[in-house]
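Colleague: Please find query_28.cif (mmCIF, N, CA and C atoms) on the next line:
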```cif
data_upload
loop_
_atom_site.label_atom_id
_atom_site.label_comp_id
_atom_site.auth_asym_id
_atom_site.auth_seq_id
_atom_site.Cartn_x
_atom_site.Cartn_y
_atom_site.Cartn_z
N MET A 1387 -51.45 12.04 -11.11
CA MET A 1387 -50.69 11.83 -9.89
C MET A 1387 -51.21 12.78 -8.81
N SER A 1388 -51.22 12.25 -7.60
CA SER A 1388 -51.63 13.12 -6.50
C SER A 1388 -50.46 14.01 -6.09
N ILE A 1389 -50.77 15.00 -5.33
CA ILE A 1389 -49.75 15.94 -4.90
C ILE A 1389 -48.70 15.25 -4.02
N ILE A 1390 -49.12 14.33 -3.18
CA ILE A 1390 -48.18 13.62 -2.31
C ILE A 1390 -47.21 12.79 -3.15
N LYS A 1391 -47.70 12.13 -4.18
CA LYS A 1391 -46.83 11.34 -5.04
C LYS A 1391 -45.87 12.25 -5.80
N LYS A 1392 -46.34 13.40 -6.25
CA LYS A 1392 -45.47 14.35 -6.93
C LYS A 1392 -44.39 14.87 -5.98
N PHE A 1393 -44.79 15.13 -4.74
CA PHE A 1393 -43.84 15.60 -3.74
C PHE A 1393 -42.77 14.53 -3.47
N ARG A 1394 -43.20 13.30 -3.29
CA ARG A 1394 -42.25 12.20 -3.07
C ARG A 1394 -41.29 12.04 -4.25
N PHE A 1395 -41.84 12.14 -5.42
CA PHE A 1395 -41.01 12.01 -6.62
C PHE A 1395 -39.99 13.15 -6.71
N SER A 1396 -40.44 14.36 -6.40
CA SER A 1396 -39.52 15.49 -6.46
C SER A 1396 -38.45 15.38 -5.37
N ILE A 1397 -38.83 14.90 -4.20
CA ILE A 1397 -37.85 14.68 -3.13
C ILE A 1397 -36.83 13.65 -3.59
N LEU A 1398 -37.31 12.59 -4.19
CA LEU A 1398 -36.43 11.54 -4.67
C LEU A 1398 -35.45 12.07 -5.70
N THR A 1399 -35.94 12.80 -6.65
CA THR A 1399 -35.07 13.29 -7.72
C THR A 1399 -34.15 14.42 -7.26
N MET A 1400 -34.57 15.22 -6.31
CA MET A 1400 -33.77 16.37 -5.90
C MET A 1400 -32.80 16.07 -4.76
N ILE A 1401 -33.08 15.05 -3.96
CA ILE A 1401 -32.23 14.79 -2.80
C ILE A 1401 -31.55 13.43 -2.87
N VAL A 1402 -32.31 12.39 -3.04
CA VAL A 1402 -31.78 11.03 -2.93
C VAL A 1402 -30.84 10.69 -4.08
N ILE A 1403 -31.23 10.95 -5.29
CA ILE A 1403 -30.40 10.60 -6.45
C ILE A 1403 -29.08 11.38 -6.43
N PRO A 1404 -29.07 12.70 -6.20
CA PRO A 1404 -27.77 13.39 -6.10
C PRO A 1404 -26.89 12.86 -4.96
N MET A 1405 -27.52 12.50 -3.83
CA MET A 1405 -26.75 11.94 -2.72
C MET A 1405 -26.09 10.62 -3.12
N ILE A 1406 -26.82 9.79 -3.81
CA ILE A 1406 -26.26 8.52 -4.28
C ILE A 1406 -25.09 8.77 -5.22
N LEU A 1407 -25.25 9.71 -6.12
CA LEU A 1407 -24.16 10.04 -7.04
C LEU A 1407 -22.94 10.59 -6.31
N ILE A 1408 -23.17 11.47 -5.37
CA ILE A 1408 -22.05 12.05 -4.61
C ILE A 1408 -21.34 10.97 -3.81
N PHE A 1409 -22.09 10.12 -3.13
CA PHE A 1409 -21.46 9.06 -2.34
C PHE A 1409 -20.72 8.07 -3.24
N SER A 1410 -21.23 7.84 -4.42
CA SER A 1410 -20.53 6.94 -5.35
C SER A 1410 -19.19 7.53 -5.78
N VAL A 1411 -19.19 8.81 -6.09
CA VAL A 1411 -17.94 9.47 -6.48
C VAL A 1411 -16.95 9.45 -5.32
N ILE A 1412 -17.41 9.76 -4.12
CA ILE A 1412 -16.54 9.74 -2.95
C ILE A 1412 -15.99 8.34 -2.71
N PHE A 1413 -16.83 7.33 -2.85
CA PHE A 1413 -16.39 5.95 -2.64
C PHE A 1413 -15.29 5.58 -3.63
N PHE A 1414 -15.49 5.84 -4.91
CA PHE A 1414 -14.49 5.47 -5.91
C PHE A 1414 -13.20 6.28 -5.75
N TYR A 1415 -13.30 7.54 -5.36
CA TYR A 1415 -12.11 8.35 -5.10
C TYR A 1415 -11.34 7.78 -3.91
N SER A 1416 -12.06 7.46 -2.85
CA SER A 1416 -11.42 6.89 -1.66
C SER A 1416 -10.78 5.55 -1.97
N TYR A 1417 -11.46 4.74 -2.76
CA TYR A 1417 -10.91 3.43 -3.14
C TYR A 1417 -9.60 3.60 -3.92
N ALA A 1418 -9.58 4.54 -4.84
CA ALA A 1418 -8.37 4.79 -5.63
C ALA A 1418 -7.24 5.28 -4.74
N GLU A 1419 -7.54 6.15 -3.80
CA GLU A 1419 -6.52 6.66 -2.88
C GLU A 1419 -5.99 5.54 -1.99
N LEU A 1420 -6.88 4.71 -1.51
CA LEU A 1420 -6.47 3.59 -0.66
C LEU A 1420 -5.58 2.63 -1.43
N GLU A 1421 -5.93 2.37 -2.67
CA GLU A 1421 -5.12 1.49 -3.50
C GLU A 1421 -3.72 2.09 -3.73
N ASN A 1422 -3.65 3.38 -3.98
CA ASN A 1422 -2.35 4.04 -4.16
C ASN A 1422 -1.52 3.98 -2.89
N LYS A 1423 -2.15 4.17 -1.73
CA LYS A 1423 -1.43 4.09 -0.46
C LYS A 1423 -0.90 2.68 -0.22
N MET A 1424 -1.70 1.68 -0.56
CA MET A 1424 -1.27 0.30 -0.37
C MET A 1424 -0.08 -0.02 -1.27
N ILE A 1425 -0.11 0.45 -2.48
CA ILE A 1425 1.01 0.23 -3.41
C ILE A 1425 2.26 0.93 -2.88
N GLU A 1426 2.11 2.16 -2.41
CA GLU A 1426 3.26 2.90 -1.87
C GLU A 1426 3.83 2.20 -0.64
N ASN A 1427 2.96 1.73 0.25
CA ASN A 1427 3.44 1.01 1.44
C ASN A 1427 4.14 -0.29 1.05
N SER A 1428 3.65 -0.96 0.03
CA SER A 1428 4.30 -2.18 -0.44
C SER A 1428 5.69 -1.88 -0.99
N LYS A 1429 5.82 -0.78 -1.72
CA LYS A 1429 7.13 -0.39 -2.24
C LYS A 1429 8.10 -0.09 -1.10
N ILE A 1430 7.63 0.60 -0.08
CA ILE A 1430 8.48 0.92 1.06
C ILE A 1430 8.93 -0.36 1.77
N SER A 1431 8.00 -1.29 1.95
CA SER A 1431 8.34 -2.56 2.60
C SER A 1431 9.36 -3.34 1.78
N MET A 1432 9.19 -3.33 0.48
CA MET A 1432 10.14 -4.04 -0.39
C MET A 1432 11.53 -3.41 -0.31
N LYS A 1433 11.60 -2.08 -0.27
CA LYS A 1433 12.89 -1.41 -0.15
C LYS A 1433 13.55 -1.74 1.17
N GLN A 1434 12.77 -1.80 2.26
CA GLN A 1434 13.33 -2.14 3.56
C GLN A 1434 13.84 -3.58 3.56
N ALA A 1435 13.10 -4.49 2.95
CA ALA A 1435 13.53 -5.88 2.85
C ALA A 1435 14.81 -5.98 2.02
N GLN A 1436 14.87 -5.22 0.95
CA GLN A 1436 16.07 -5.22 0.10
C GLN A 1436 17.29 -4.75 0.89
N ARG A 1437 17.11 -3.68 1.68
CA ARG A 1437 18.22 -3.18 2.49
C ARG A 1437 18.66 -4.21 3.53
N SER A 1438 17.71 -4.89 4.13
CA SER A 1438 18.04 -5.91 5.13
C SER A 1438 18.81 -7.07 4.50
N ILE A 1439 18.34 -7.51 3.35
CA ILE A 1439 19.03 -8.60 2.65
C ILE A 1439 20.42 -8.16 2.23
N GLN A 1440 20.54 -6.94 1.74
CA GLN A 1440 21.85 -6.42 1.33
C GLN A 1440 22.81 -6.37 2.52
N THR A 1441 22.31 -5.97 3.67
CA THR A 1441 23.13 -5.92 4.87
C THR A 1441 23.61 -7.32 5.26
N ILE A 1442 22.72 -8.30 5.19
CA ILE A 1442 23.10 -9.68 5.51
C ILE A 1442 24.16 -10.19 4.55
N VAL A 1443 23.99 -9.90 3.27
CA VAL A 1443 24.97 -10.32 2.27
C VAL A 1443 26.33 -9.67 2.53
N GLU A 1444 26.33 -8.39 2.83
CA GLU A 1444 27.57 -7.68 3.10
C GLU A 1444 28.27 -8.23 4.35
N GLU A 1445 27.49 -8.52 5.39
CA GLU A 1445 28.07 -9.08 6.60
C GLU A 1445 28.65 -10.47 6.34
N THR A 1446 27.96 -11.27 5.53
CA THR A 1446 28.45 -12.60 5.19
C THR A 1446 29.74 -12.50 4.39
N GLU A 1447 29.81 -11.59 3.46
CA GLU A 1447 31.04 -11.39 2.68
C GLU A 1447 32.19 -10.96 3.60
N TYR A 1448 31.89 -10.06 4.51
CA TYR A 1448 32.92 -9.59 5.44
C TYR A 1448 33.44 -10.74 6.30
N LEU A 1449 32.53 -11.56 6.84
CA LEU A 1449 32.96 -12.69 7.66
C LEU A 1449 33.76 -13.70 6.85
N SER A 1450 33.34 -13.92 5.62
CA SER A 1450 34.07 -14.85 4.75
C SER A 1450 35.48 -14.36 4.50
N LEU A 1451 35.63 -13.10 4.20
CA LEU A 1451 36.96 -12.53 3.97
C LEU A 1451 37.79 -12.54 5.24
N SER A 1452 37.15 -12.28 6.37
CA SER A 1452 37.86 -12.30 7.64
C SER A 1452 38.41 -13.69 7.94
N MET A 1453 37.63 -14.71 7.62
CA MET A 1453 38.09 -16.08 7.85
C MET A 1453 39.23 -16.44 6.91
N LEU A 1454 39.19 -15.95 5.69
CA LEU A 1454 40.28 -16.25 4.76
C LEU A 1454 41.58 -15.59 5.17
N ILE A 1455 41.46 -14.43 5.79
CA ILE A 1455 42.65 -13.67 6.17
C ILE A 1455 43.21 -14.15 7.51
N ASP A 1456 42.37 -14.69 8.36
CA ASP A 1456 42.79 -15.09 9.71
C ASP A 1456 43.82 -16.22 9.65
N ASP A 1457 44.97 -16.00 10.29
CA ASP A 1457 46.06 -16.98 10.27
C ASP A 1457 45.70 -18.28 10.99
N ASN A 1458 44.92 -18.16 12.07
CA ASN A 1458 44.53 -19.37 12.82
C ASN A 1458 43.69 -20.29 11.96
N ILE A 1459 42.76 -19.73 11.23
CA ILE A 1459 41.89 -20.55 10.37
C ILE A 1459 42.71 -21.12 9.22
N GLN A 1460 43.64 -20.34 8.70
CA GLN A 1460 44.51 -20.85 7.62
C GLN A 1460 45.34 -22.03 8.09
N SER A 1461 45.86 -21.94 9.30
CA SER A 1461 46.67 -23.04 9.81
C SER A 1461 45.83 -24.28 10.07
N LEU A 1462 44.55 -24.09 10.50
CA LEU A 1462 43.67 -25.23 10.72
C LEU A 1462 43.32 -25.92 9.40
N CYS A 1463 43.20 -25.14 8.35
CA CYS A 1463 42.85 -25.70 7.04
C CYS A 1463 44.01 -26.52 6.46
N LYS A 1464 45.23 -26.19 6.85
CA LYS A 1464 46.39 -26.91 6.31
C LYS A 1464 46.53 -28.19 7.06
#
```
Mind turning the file's structure into structure tokens?
Modeller:
Amino acid sequence: MSIIKKFRFSILTMIVIPMILIFSVIFFYSYAELENKMIENSKISMKQAQRSIQTIVEETEYLSLSMLIDDNIQSLCK
């Protein structure tokens, strides 16, 4: 091998390959973190939707009870 080829090979093994390994590790770590954040955001959204639905159900129950108790509505039903 010529000296230039040896130099290129040493540059490749000492710089490029470690950089590829480091970037691969960073990529997979970032991907895992992003996935965890997405799952957490989905959980938060589901909890907010649950609270909204619960509020609607509670309001509907309240209105239903209010109508049953209201004398005007009772007289109309008779």
Colleague: Calculate how many Å separate atom N of Met1432 in chain A from atom C of Ser1416 in chain A, rounding to one decimal.
Modeller: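 These two atoms are separated by 22.0 Å.
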Colleague: Hey, could you pull the box centre and edge lengths for range 1413-1423 of chain A, axis-aligned, 6 Å padding per side, all listed atoms, to one decimal in Å, as lines of an AutoDock Vina configuration file?
Modeller:
```
center_x = -8.9
center_y = 4.9
center_z = -3.1
size_x = 27.9
size_y = 18.9
size_z = 17.7
```
Colleague: For a test of reading the model, state the distance in Å between CA of Arg1394 in chain A and atom N of Phe1409 in chain A, rounded to one decimal.
Modeller: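 Distance reported for this atom pair: 20.3 Å.
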Colleague: Can you work out the spacing between atom C of Ile1390 in chain A and atom C of Pro1404 in chain A in Å, to one decimal?
Modeller: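 Answer for the atom C of Ile1390 in chain A to atom C of Pro1404 in chain A separation: 20.4 Å.
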